[in-house]
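Asker: What follows is protein10.txt, compact mmCIF, C-alpha atoms and all ligand atoms.
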```txt
# COMPACT_ATOMS: atom_id res chain seq x y z
CA MET Y 1 -20.39 13.08 -4.24
CA GLY Y 2 -22.74 15.19 -2.08
CA ARG Y 3 -24.67 18.00 -3.75
CA LYS Y 4 -23.91 21.63 -2.95
CA THR Y 5 -26.66 22.29 -0.44
CA LEU Y 6 -24.89 23.87 2.52
CA HIS Y 7 -23.74 27.36 3.32
CA THR Y 8 -20.08 26.83 4.19
CA LYS Y 9 -19.10 29.19 6.97
CA VAL Y 10 -15.51 30.42 7.23
CA TYR Y 11 -14.35 30.65 10.85
CA ARG Y 12 -11.43 32.91 11.74
CA VAL Y 13 -10.18 32.76 15.30
CA THR Y 14 -9.55 36.25 16.64
CA GLU Y 15 -8.59 37.12 20.23
CA GLU Y 16 -11.96 38.80 20.95
CA GLU Y 17 -14.11 36.04 19.47
CA LYS Y 18 -12.00 33.02 20.30
CA ASN Y 19 -14.40 31.31 22.72
CA ARG Y 20 -17.48 31.79 20.57
CA VAL Y 21 -15.77 30.60 17.38
CA LEU Y 22 -14.12 27.55 18.96
CA ASN Y 23 -17.37 26.51 20.64
CA GLU Y 24 -19.37 26.91 17.44
CA ALA Y 25 -16.79 24.86 15.53
CA ALA Y 26 -16.80 22.13 18.22
CA GLN Y 27 -20.61 22.05 18.05
CA ILE Y 28 -20.47 21.20 14.33
CA ILE Y 29 -18.37 18.14 15.22
CA ARG Y 30 -20.66 17.17 18.14
CA ARG Y 31 -23.76 17.49 15.94
CA GLY Y 32 -22.29 15.11 13.35
CA GLY Y 33 -21.40 17.76 10.76
CA LEU Y 34 -18.34 18.20 8.55
CA LEU Y 35 -15.79 20.85 9.49
CA ALA Y 36 -12.50 21.47 7.68
CA ILE Y 37 -9.75 22.04 10.25
CA PRO Y 38 -6.26 23.49 10.01
CA THR Y 39 -3.27 21.39 11.01
CA GLU Y 40 0.47 21.93 10.64
CA THR Y 41 0.53 19.48 7.70
CA VAL Y 42 -2.51 20.09 5.44
CA TYR Y 43 -6.15 20.99 6.10
CA GLY Y 44 -8.26 18.05 7.32
CA LEU Y 45 -11.92 17.27 6.63
CA GLY Y 46 -13.11 16.55 10.15
CA ALA Y 47 -16.04 14.73 11.72
CA ASN Y 48 -16.75 12.87 14.95
CA ALA Y 49 -14.72 9.65 14.57
CA LEU Y 50 -17.16 7.76 16.83
CA ASP Y 51 -20.26 8.68 14.79
CA LYS Y 52 -20.81 6.35 11.79
CA GLU Y 53 -23.18 8.69 10.01
CA ALA Y 54 -20.82 11.65 10.35
CA VAL Y 55 -17.94 9.53 9.05
CA ARG Y 56 -20.02 8.38 6.06
CA LYS Y 57 -20.46 12.04 5.12
CA ILE Y 58 -16.67 12.43 4.85
CA PHE Y 59 -16.47 9.61 2.30
CA GLU Y 60 -19.38 11.05 0.37
CA ALA Y 61 -18.03 14.61 0.29
CA LYS Y 62 -14.54 13.49 -0.75
CA GLY Y 63 -15.66 10.79 -3.18
CA ARG Y 64 -13.29 8.54 -1.23
CA PRO Y 65 -13.25 4.74 -1.71
CA GLN Y 66 -14.85 3.04 1.34
CA ASP Y 67 -11.88 0.75 1.90
CA ASN Y 68 -9.56 3.68 2.55
CA PRO Y 69 -9.62 4.20 6.33
CA LEU Y 70 -9.46 7.53 8.14
CA LEU Y 71 -6.95 8.78 10.67
CA ILE Y 72 -8.18 10.01 14.03
CA HIS Y 73 -6.95 13.19 15.69
CA ILE Y 74 -6.52 13.59 19.43
CA PRO Y 75 -5.31 16.58 21.45
CA ASP Y 76 -2.67 14.72 23.50
CA ALA Y 77 -1.21 11.27 24.16
CA SER Y 78 -3.38 10.68 27.25
CA TRP Y 79 -6.30 9.95 24.87
CA LEU Y 80 -4.42 7.05 23.24
CA GLU Y 81 -5.46 4.41 25.75
CA ILE Y 82 -9.15 5.34 25.43
CA TYR Y 83 -9.23 4.31 21.76
CA CYS Y 84 -6.28 1.93 21.33
CA GLU Y 85 -4.97 -1.22 22.99
CA LYS Y 86 -1.73 -3.20 23.12
CA ILE Y 87 0.11 0.09 22.79
CA PRO Y 88 3.86 -0.65 22.71
CA PRO Y 89 6.01 1.47 25.06
CA LEU Y 90 7.89 2.71 21.98
CA ALA Y 91 4.70 4.43 20.80
CA TYR Y 92 4.74 6.52 23.96
CA ARG Y 93 8.42 7.32 23.39
CA LEU Y 94 7.64 8.57 19.90
CA ALA Y 95 4.64 10.54 21.17
CA GLU Y 96 6.86 12.16 23.76
CA ALA Y 97 9.47 13.07 21.16
CA PHE Y 98 7.23 14.16 18.27
CA TRP Y 99 3.70 15.02 19.47
CA PRO Y 100 2.09 17.36 18.82
CA GLY Y 101 3.53 17.01 15.34
CA PRO Y 102 3.33 15.36 11.91
CA LEU Y 103 3.53 11.71 13.03
CA THR Y 104 0.63 9.24 12.68
CA MET Y 105 0.97 5.90 14.47
CA ILE Y 106 -0.99 2.82 13.40
CA LEU Y 107 -2.10 0.96 16.52
CA LYS Y 108 -4.57 -1.77 17.42
CA CYS Y 109 -7.90 -0.07 18.05
CA LYS Y 110 -10.66 -0.69 20.56
CA SER Y 111 -14.17 -1.58 19.42
CA CYS Y 112 -15.50 1.93 20.15
CA ILE Y 113 -13.96 3.03 16.84
CA PRO Y 114 -16.61 2.18 14.23
CA TYR Y 115 -16.08 0.07 11.12
CA GLU Y 116 -16.74 3.13 8.95
CA THR Y 117 -13.69 4.93 10.41
CA THR Y 118 -11.26 1.99 10.20
CA GLY Y 119 -12.52 0.62 6.89
CA GLY Y 120 -12.98 -2.68 8.72
CA LEU Y 121 -9.35 -2.95 9.89
CA GLU Y 122 -8.46 -3.88 13.47
CA THR Y 123 -6.07 -0.96 13.56
CA VAL Y 124 -6.40 2.79 13.45
CA GLY Y 125 -4.03 5.63 12.58
CA VAL Y 126 -3.77 8.17 15.40
CA ARG Y 127 -2.24 11.57 15.27
CA CYS Y 128 -1.93 14.64 17.48
CA PRO Y 129 -1.83 17.71 15.24
CA ASP Y 130 0.41 20.64 16.12
CA ASN Y 131 -2.23 23.32 15.79
CA ALA Y 132 -3.53 25.02 18.93
CA VAL Y 133 -6.90 25.95 17.42
CA THR Y 134 -7.63 22.42 16.23
CA ALA Y 135 -6.43 20.84 19.49
CA GLU Y 136 -8.84 23.11 21.38
CA ILE Y 137 -11.75 22.29 19.06
CA ILE Y 138 -11.14 18.55 19.62
CA ARG Y 139 -10.99 19.04 23.41
CA LEU Y 140 -14.21 21.02 23.36
CA ALA Y 141 -15.91 18.45 21.13
CA GLY Y 142 -14.77 15.76 23.58
CA VAL Y 143 -14.41 13.14 20.84
CA PRO Y 144 -11.59 12.14 18.51
CA VAL Y 145 -11.91 13.77 15.11
CA ALA Y 146 -11.58 11.61 12.01
CA ALA Y 147 -9.98 13.77 9.37
CA PRO Y 148 -8.54 12.76 6.04
CA SER Y 149 -6.89 15.46 3.98
CA ALA Y 150 -9.50 18.04 2.92
CA ASN Y 151 -9.33 17.51 -0.83
CA ARG Y 152 -11.57 15.67 -3.28
CA SER Y 153 -10.28 12.12 -3.58
CA GLY Y 154 -7.29 11.94 -5.92
CA HIS Y 155 -6.67 15.71 -5.97
CA PRO Y 156 -3.65 17.38 -4.35
CA SER Y 157 -4.18 18.14 -0.63
CA CYS Y 158 -5.09 21.65 0.54
CA THR Y 159 -2.74 23.88 2.48
CA SER Y 160 -5.04 26.92 2.76
CA ALA Y 161 -8.70 27.57 3.57
CA GLU Y 162 -9.13 29.03 0.05
CA THR Y 163 -8.17 25.79 -1.68
CA VAL Y 164 -10.44 23.85 0.72
CA LEU Y 165 -13.30 26.07 -0.47
CA ASP Y 166 -12.37 25.34 -4.12
CA ASP Y 167 -13.12 21.67 -3.40
CA PHE Y 168 -15.85 21.84 -0.74
CA ALA Y 169 -17.79 25.12 -0.75
CA GLY Y 170 -21.47 24.17 -0.35
CA ARG Y 171 -20.60 20.62 0.70
CA ILE Y 172 -19.42 21.11 4.30
CA GLU Y 173 -20.68 23.19 7.21
CA GLY Y 174 -17.53 25.15 7.84
CA VAL Y 175 -13.81 25.67 7.46
CA VAL Y 176 -11.62 27.03 10.23
CA ASP Y 177 -9.15 29.38 8.55
CA ASP Y 178 -5.81 29.48 10.37
CA GLY Y 179 -3.73 30.61 7.39
CA PRO Y 180 -1.30 28.53 5.34
CA CYS Y 181 -0.04 25.23 6.75
CA ARG Y 182 3.47 25.34 8.19
CA VAL Y 183 4.64 21.89 6.98
CA GLY Y 184 2.62 21.51 3.77
CA VAL Y 185 2.78 17.73 3.24
CA GLU Y 186 0.74 15.18 5.22
CA SER Y 187 1.87 13.35 8.34
CA THR Y 188 4.39 10.53 8.33
CA ILE Y 189 2.55 7.23 8.87
CA LEU Y 190 4.34 4.62 10.95
CA ASP Y 191 2.94 1.14 11.58
CA MET Y 192 3.56 0.38 15.26
CA THR Y 193 1.64 -2.93 15.28
CA GLU Y 194 4.78 -4.88 14.43
CA TYR Y 195 8.45 -4.64 15.27
CA PRO Y 196 10.43 -3.14 13.74
CA PRO Y 197 7.97 -0.37 12.93
CA LYS Y 198 7.38 0.30 9.25
CA LEU Y 199 7.11 3.59 7.43
CA LEU Y 200 3.91 3.42 5.35
CA ARG Y 201 3.85 6.99 4.08
CA PRO Y 202 6.68 9.53 4.24
CA GLY Y 203 5.51 12.89 5.53
CA GLY Y 204 6.26 15.93 7.63
CA LEU Y 205 8.46 14.02 10.12
CA SER Y 206 11.56 12.60 8.47
CA LEU Y 207 12.56 8.94 8.57
CA GLU Y 208 15.95 10.08 9.84
CA ASP Y 209 14.27 11.68 12.89
CA ILE Y 210 12.33 8.49 13.63
CA ARG Y 211 15.45 6.35 13.23
CA ARG Y 212 17.18 8.47 15.84
CA ILE Y 213 14.77 6.88 18.32
CA ILE Y 214 14.12 3.53 16.57
CA PRO Y 215 17.10 2.84 14.26
CA GLU Y 216 15.55 -0.42 12.95
CA THR Y 217 12.53 1.37 11.38
CA GLU Y 218 11.82 -0.08 7.93
CA MET Y 219 10.25 1.38 4.79
CA ASP Y 220 7.24 -0.06 2.92
CA ALA Y 221 7.66 -0.92 -0.77
CA GLY Y 222 5.73 1.50 -2.96
CA ILE Y 223 7.06 4.69 -1.38
CA CYS Y 224 9.73 5.20 -4.00
CA ARG Y 225 8.55 2.92 -6.81
CA GLN Y 226 5.33 1.73 -8.41
CA LEU Y 227 3.97 -1.45 -6.86
CA ARG Y 228 4.15 -4.61 -8.97
CA GLU Y 229 1.02 -6.53 -9.83
CA GLY Y 230 -0.25 -8.42 -6.79
CA GLU Y 231 1.75 -6.27 -4.32
CA GLN Y 232 -0.39 -4.54 -1.68
CA PRO Y 233 0.72 -1.46 0.25
CA LYS Y 234 -0.04 -1.61 3.97
CA ALA Y 235 -1.71 1.80 3.93
CA PRO Y 236 -4.77 1.11 1.74
CA GLY Y 237 -4.78 4.66 0.37
CA MET Y 238 -1.28 4.36 -1.08
CA LYS Y 239 -2.57 2.14 -3.90
CA TYR Y 240 -4.75 4.87 -5.41
CA ARG Y 241 -3.73 7.48 -7.97
CA HIS Y 242 -3.20 10.52 -5.83
CA TYR Y 243 -2.30 14.18 -5.68
CA ALA Y 244 -2.93 14.49 -9.39
CA PRO Y 245 -3.72 17.73 -11.19
CA LYS Y 246 -6.00 17.49 -14.23
CA ALA Y 247 -3.13 17.47 -16.75
CA PRO Y 248 -0.73 14.50 -16.89
CA VAL Y 249 2.60 15.01 -15.12
CA THR Y 250 6.12 13.84 -15.96
CA ALA Y 251 8.72 13.97 -13.17
CA VAL Y 252 12.35 14.43 -14.13
CA MET Y 253 14.87 13.08 -11.61
CA GLY Y 254 18.49 14.12 -11.54
CA GLY Y 255 20.69 17.12 -10.78
CA GLY Y 256 18.96 20.52 -10.75
CA ARG Y 257 20.75 22.03 -13.75
CA GLU Y 258 20.60 18.80 -15.80
CA SER Y 259 16.90 18.16 -15.16
CA ALA Y 260 16.02 21.77 -15.99
CA GLU Y 261 18.01 21.47 -19.27
CA TYR Y 262 16.23 18.20 -20.06
CA ILE Y 263 12.84 19.82 -19.57
CA ARG Y 264 13.82 22.83 -21.67
CA THR Y 265 14.77 20.64 -24.61
CA HIS Y 266 11.62 18.50 -24.38
CA ILE Y 267 8.87 20.95 -23.42
CA LYS Y 268 6.37 21.86 -26.16
CA ALA Y 269 4.17 24.92 -26.63
CA GLY Y 270 1.12 24.82 -24.35
CA GLU Y 271 2.84 22.69 -21.68
CA GLY Y 272 3.68 23.76 -18.14
CA VAL Y 273 6.65 23.36 -15.81
CA ILE Y 274 7.32 23.11 -12.10
CA CYS Y 275 10.94 23.93 -11.32
CA TYR Y 276 13.21 25.30 -8.65
CA GLU Y 277 13.25 29.07 -8.39
CA GLU Y 278 16.80 29.23 -9.81
CA TYR Y 279 15.66 27.86 -13.19
CA GLN Y 280 12.43 29.79 -13.73
CA ASP Y 281 14.12 32.16 -16.21
CA MET Y 282 14.68 29.23 -18.57
CA PHE Y 283 10.92 28.83 -19.07
CA SER Y 284 9.63 32.24 -20.04
CA GLY Y 285 6.66 31.81 -22.35
CA TYR Y 286 5.48 28.68 -20.50
CA ALA Y 287 3.11 28.35 -17.54
CA CYS Y 288 5.70 27.97 -14.79
CA ALA Y 289 5.44 27.49 -11.01
CA SER Y 290 8.28 27.47 -8.49
CA LEU Y 291 8.88 24.67 -6.02
CA GLY Y 292 11.07 27.07 -4.02
CA ARG Y 293 14.84 27.17 -3.91
CA GLU Y 294 16.85 24.09 -4.83
CA GLY Y 295 18.06 22.34 -1.68
CA CYS Y 296 15.33 23.85 0.57
CA PRO Y 297 13.06 20.89 1.44
CA GLN Y 298 10.82 22.96 3.71
CA GLU Y 299 9.99 25.28 0.82
CA HIS Y 300 9.31 22.29 -1.46
CA ALA Y 301 6.97 20.75 1.13
CA GLN Y 302 5.10 24.00 1.70
CA ARG Y 303 4.62 24.55 -2.03
CA VAL Y 304 4.25 21.16 -3.67
CA PHE Y 305 0.44 20.86 -3.44
CA ASP Y 306 -0.22 24.48 -4.31
CA VAL Y 307 1.92 24.35 -7.43
CA LEU Y 308 0.26 21.10 -8.56
CA ARG Y 309 -3.17 22.66 -7.95
CA SER Y 310 -2.22 25.91 -9.69
CA PHE Y 311 -2.18 24.19 -13.10
CA ASP Y 312 -5.87 23.33 -12.81
CA LYS Y 313 -6.48 27.04 -13.38
CA THR Y 314 -4.38 27.05 -16.59
CA ASP Y 315 -4.92 25.10 -19.79
CA ALA Y 316 -1.49 23.44 -19.72
CA ALA Y 317 -1.86 20.14 -21.58
CA HIS Y 318 1.03 18.45 -19.78
CA ILE Y 319 3.20 19.35 -16.79
CA TRP Y 320 6.94 18.73 -16.51
CA THR Y 321 8.35 18.83 -13.00
CA GLN Y 322 11.74 18.73 -11.38
CA CYS Y 323 11.77 16.28 -8.47
CA PRO Y 324 13.98 16.41 -5.37
CA GLY Y 325 15.86 13.43 -3.87
CA GLU Y 326 14.93 11.32 -0.87
CA GLU Y 327 16.62 12.90 2.11
CA GLY Y 328 14.74 14.35 5.07
CA LEU Y 329 11.50 16.07 4.17
CA ASP Y 330 12.29 15.60 0.44
CA LEU Y 331 11.36 11.90 0.73
CA ALA Y 332 7.75 13.03 1.27
CA VAL Y 333 7.92 15.69 -1.46
CA SER Y 334 9.39 13.33 -4.06
CA ASN Y 335 6.81 10.66 -3.12
CA ARG Y 336 3.95 13.14 -3.71
CA ILE Y 337 5.43 14.25 -7.03
CA LYS Y 338 6.00 10.68 -8.23
CA LYS Y 339 2.42 9.78 -7.31
CA ALA Y 340 1.06 12.92 -9.00
CA ALA Y 341 2.98 11.72 -12.08
CA GLY Y 342 1.54 8.19 -11.71
CA PHE Y 343 5.23 7.15 -11.49
CA HIS Y 344 5.79 8.51 -14.99
CA ILE Y 345 9.41 9.35 -14.29
CA VAL Y 346 12.41 10.21 -16.45
CA GLU Y 347 15.78 9.52 -14.80
CA ILE Y 348 18.69 11.38 -16.31
P1 LIG I 401 -5.46 10.89 4.40
O1 LIG I 401 -6.79 10.30 4.61
O2 LIG I 401 -5.33 11.64 3.12
O3 LIG I 401 -5.03 11.68 5.58
O4 LIG I 401 -4.50 9.67 4.34
C1 LIG I 401 -4.51 8.69 5.35
C2 LIG I 401 -3.71 7.52 4.89
O5 LIG I 401 -3.57 6.61 5.99
C3 LIG I 401 -4.35 6.73 3.76
O6 LIG I 401 -3.36 6.34 2.84
C4 LIG I 401 -4.91 5.52 4.49
O7 LIG I 401 -5.02 4.39 3.64
C5 LIG I 401 -3.88 5.30 5.58
N1 LIG I 401 -4.41 4.58 6.74
C6 LIG I 401 -5.46 4.96 7.50
N2 LIG I 401 -5.71 4.05 8.47
C7 LIG I 401 -4.80 3.07 8.32
C8 LIG I 401 -4.54 1.83 9.01
N3 LIG I 401 -5.27 1.44 10.04
N4 LIG I 401 -3.52 1.07 8.56
C9 LIG I 401 -2.76 1.47 7.51
N5 LIG I 401 -2.96 2.63 6.83
C10 LIG I 401 -3.97 3.42 7.22
MG MG I 402 -5.21 12.45 1.32
```
Since I need it in another form, could you write the structure as C-alpha cells?
Ligand code: AMP
Ligand code: MG
Answerer:
Amino acid sequence: MGRKTLHTKVYRVTEEEKNRVLNEAAQIIRRGGLLAIPTETVYGLGANALDKEAVRKIFEAKGRPQDNPLLIHIPDASWLEIYCEKIPPLAYRLAEAFWPGPLTMILKCKSCIPYETTGGLETVGVRCPDNAVTAEIIRLAGVPVAAPSANRSGHPSCTSAETVLDDFAGRIEGVVDDGPCRVGVESTILDMTEYPPKLLRPGGLSLEDIRRIIPETEMDAGICRQLREGEQPKAPGMKYRHYAPKAPVTAVMGGGRESAEYIRTHIKAGEGVICYEEYQDMFSGYACASLGREGCPQEHAQRVFDVLRSFDKTDAAHIWTQCPGEEGLDLAVSNRIKKAAGFHIVEI
C-alpha cells in the first residue's frame, strides 16, 4: 500500500466556483493522479483508464489484487464504440433504458484499454454514472475514468467523502465531495458478451428491471451462496472476501421478528448488532446500528456499508446482523451482507 505522502484536497462544487473546481479535478485525472469521485452508487477511486501508470496507482492505494480488473466510467453511450467492439444491439437498448444509472455492462474491449485496467481480460466493464459532477469531470478530462469502489481492498465501500478520507487521506490527490450517495450499493454488473446476458454482481439496478427488457437474463452462481472448490465466478473480484468490517459477522436469515429474537437469545456481552429500526429497542446495552425500516430496500442499500463500517470504531468482538431477502434492491444488500459475513449464515 502507498505511503501517506500526499495532501488530499477536498473539492466541493459550489455554483460560484463550479468551473474552477471541475477543471482542477479533471486536471488531476489528465496528469495521471488519483481522484475519488462521487457516483450515485458509492464513491469511486478514479484515474485515467488509458494510462497504465495511473491505473497501477489505484491498485497500490487500494491494496487490490492485480487480477481484479477495473470498471471504466464514461459520460454517455456515444463513448462506447470508442473503447468497445462487437457491441450487441441489446447493450444499446439497456443503455437507453438505464444510463446514466447503476448498470455496468461487460463488453469486448478494444486494444486502447491497457492490460493494467482489464487485468489481462479481453473484456471491460463499462458504466455511465448518474452524477452530474462526475460526468462533467470525465468530459473535461476527455478520457474514460477507471474507478473501482473507493475503499481499501476487502473493506466495505464508501458512501460519503468522510469515509473515503478514513481510508485514503494522504494517499490520493483529492476527493470530490458531493454528499452521501443516493443508491448506496455498487452497480449491477451484467455480462453482455454472451446470450443470454448473465448477472455477475447484483447492485443498484434490480434484476427484475433488467428482465423487463431481457427476460432471459441469467444469474451467476456465487451471488447467493458460497462457491464450491474449483468453481470460478465470472467477475474476478467476486471470489475475494469483501465488504468485511474488522470483527467477524454472522448473518441471520428469516422473518424480521424471528431473526431479531434469535439474535437476542444468542448475543453475548461485548458483541454488536445490525437490525431493522423496529427491533433496535431489543438491543439496549449492545452496540447497535440500524439498517433502516424493515421492508424498505432503498434504506437498506443506503445504509449497509455505513453500518458495517461503523463497528470499526467500536470494540465489538462479533457482529450479528439481520439480512433481507432477495427481491429488488435487497438482492444486492443481502449479497453484500453475506459476503461481509464470509457466508457465515444462520437460517431460521
Ligand atoms: P469494484 O472495483 O469494487 O467497482 O468492482 C468491480 C467488479 O467488477 C469486480 O468484482 C471485478 O472483478 C468485476 N469486473 C471488472 N471487470 C470485469 C470484466 N471484464 N469481466 C468480469 N468482471 C469484471
Ligand atoms: Mg469494490
Asker: When the cut-off is 8 Å and you count all atoms listed in the file, which residues lie near ligand MG 402 (chain I), shown as a compact mmCIF listing (two decimals) with C-alpha atoms, in the frame of the given file?
Answerer:
```
# COMPACT_ATOMS: atom_id res chain seq x y z
CA PRO Y 148 -8.54 12.76 6.04
CA SER Y 149 -6.89 15.46 3.98
CA ALA Y 150 -9.50 18.04 2.92
CA ASN Y 151 -9.33 17.51 -0.83
CA SER Y 153 -10.28 12.12 -3.58
CA GLY Y 154 -7.29 11.94 -5.92
CA PRO Y 156 -3.65 17.38 -4.35
CA SER Y 157 -4.18 18.14 -0.63
CA GLU Y 186 0.74 15.18 5.22
CA GLY Y 237 -4.78 4.66 0.37
CA HIS Y 242 -3.20 10.52 -5.83
CA TYR Y 243 -2.30 14.18 -5.68
```
Asker: Can you list every residue of stretch 157-231 of chain Y that has an atom at most 10 Å from stretch 8-29 of chain Y, with its nearest atom pair and the distance in Å to one decimal, using only C-alpha atoms, ordered by chain then number, as a tab-separated table?
Answerer:
```
residue	atom	partner	partner_atom	distance
Y:Ala161	CA	Y:Val10	CA	8.2
Y:Glu162	CA	Y:Val10	CA	9.7
Y:Leu165	CA	Y:Thr8	CA	8.3
Y:Phe168	CA	Y:Thr8	CA	8.2
Y:Ala169	CA	Y:Thr8	CA	5.7
Y:Gly170	CA	Y:Thr8	CA	5.4
Y:Arg171	CA	Y:Thr8	CA	7.1
Y:Ile172	CA	Y:Thr8	CA	5.8
Y:Glu173	CA	Y:Thr8	CA	4.8
Y:Gly174	CA	Y:Lys9	CA	4.4
Y:Val175	CA	Y:Val10	CA	5.1
Y:Val176	CA	Y:Tyr11	CA	4.6
Y:Asp177	CA	Y:Arg12	CA	5.3
Y:Asp178	CA	Y:Arg12	CA	6.7
Y:Gly179	CA	Y:Arg12	CA	9.1
```
Asker: Using only C-alpha atoms and all ligand atoms, pick whichever of Y:Lys4, Y:Arg30, Y:Arg303, Y:Lys62 has the shortest atom-to-atom distance to ligand LIG 401 (chain I).
Answerer: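 Of the candidates, the smallest distance to ligand LIG 401 (chain I) is held by Y:Lys62.
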Asker: Please list as a CSV table (one decimal) with C-alpha atoms, keeping the file's coordinate frame every residue within 10 Å of Y:Glu194, counting all atoms listed in the file and excluding residues in the same chain fewer than 2 positions away.
Answerer:
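Result went into around13.csv, see below:
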```csv
chain,number,residue,atom,x,y,z
Y,88,PRO,CA,3.9,-0.6,22.7
Y,106,ILE,CA,-1.0,2.8,13.4
Y,107,LEU,CA,-2.1,1.0,16.5
Y,191,ASP,CA,2.9,1.1,11.6
Y,192,MET,CA,3.6,0.4,15.3
Y,196,PRO,CA,10.4,-3.1,13.7
Y,197,PRO,CA,8.0,-0.4,12.9
Y,198,LYS,CA,7.4,0.3,9.2
```
Asker: Report, in Å to a single decimal, how far apart atom CA of Y:Cys288 and atom CA of Y:Lys246 are.
Answerer: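 Going from atom CA of Y:Lys246 over to atom CA of Y:Cys288 covers 15.7 Å.
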Asker: Considering only C-alpha atoms, can you say which of Y:Val124, Y:Ala269, Y:Val185, Y:Val164 comes closest to Y:Ser334?
Answerer: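 Once distances to Y:Ser334 are computed over only C-alpha atoms, the minimum belongs to Y:Val185.
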Asker: Residues at most 9 Å from ligand LIG 401 (chain I), using all atoms listed in the file? Could they come as a PyMOL selection string?
Answerer: chain Y and resi 42+44-45+64+67-72+104-109+117-126+146-151+153+157+186-187+189-191+200-201+233-240
Asker: Could you check how far atom CA of Y:Gly285 sits from atom CA of Y:Thr250, in Å to one decimal?
Answerer: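 So the answer is 19.1 Å.
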Asker: Show me the residues close to (-13.3, -2.3, 21.3) - anything with an atom within 12 Å, counting all atoms listed in the file - and format the list as a list of chain:residue names.
Answerer: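 With a cut-off of 12 Å, the residues come to Y:Leu50, Y:Glu81, Y:Ile82, Y:Tyr83, Y:Cys84, Y:Glu85, Y:Lys86, Y:Lys108, Y:Cys109, Y:Lys110, Y:Ser111, Y:Cys112, Y:Ile113, Y:Pro114, Y:Tyr115, Y:Glu122, Y:Thr123, Y:Val124.
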Asker: Go ahead and write the residues just picked, C-alpha atoms, as a short mmCIF file (atom, residue, chain, number, x, y, z; two decimals), keeping the file's coordinate frame.
Answerer:
```cif
data_model
loop_
_atom_site.label_atom_id
_atom_site.label_comp_id
_atom_site.auth_asym_id
_atom_site.auth_seq_id
_atom_site.Cartn_x
_atom_site.Cartn_y
_atom_site.Cartn_z
CA LEU Y 50 -17.16 7.76 16.83
CA GLU Y 81 -5.46 4.41 25.75
CA ILE Y 82 -9.15 5.34 25.43
CA TYR Y 83 -9.23 4.31 21.76
CA CYS Y 84 -6.28 1.93 21.33
CA GLU Y 85 -4.97 -1.22 22.99
CA LYS Y 86 -1.73 -3.20 23.12
CA LYS Y 108 -4.57 -1.77 17.42
CA CYS Y 109 -7.90 -0.07 18.05
CA LYS Y 110 -10.66 -0.69 20.56
CA SER Y 111 -14.17 -1.58 19.42
CA CYS Y 112 -15.50 1.93 20.15
CA ILE Y 113 -13.96 3.03 16.84
CA PRO Y 114 -16.61 2.18 14.23
CA TYR Y 115 -16.08 0.07 11.12
CA GLU Y 122 -8.46 -3.88 13.47
CA THR Y 123 -6.07 -0.96 13.56
CA VAL Y 124 -6.40 2.79 13.45
#
```
Asker: For atom CA of Y:Phe98 and atom CA of Y:Ile213, quote the distance in Å rounded to one decimal.
Answerer: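 It comes out at 10.5 Å.
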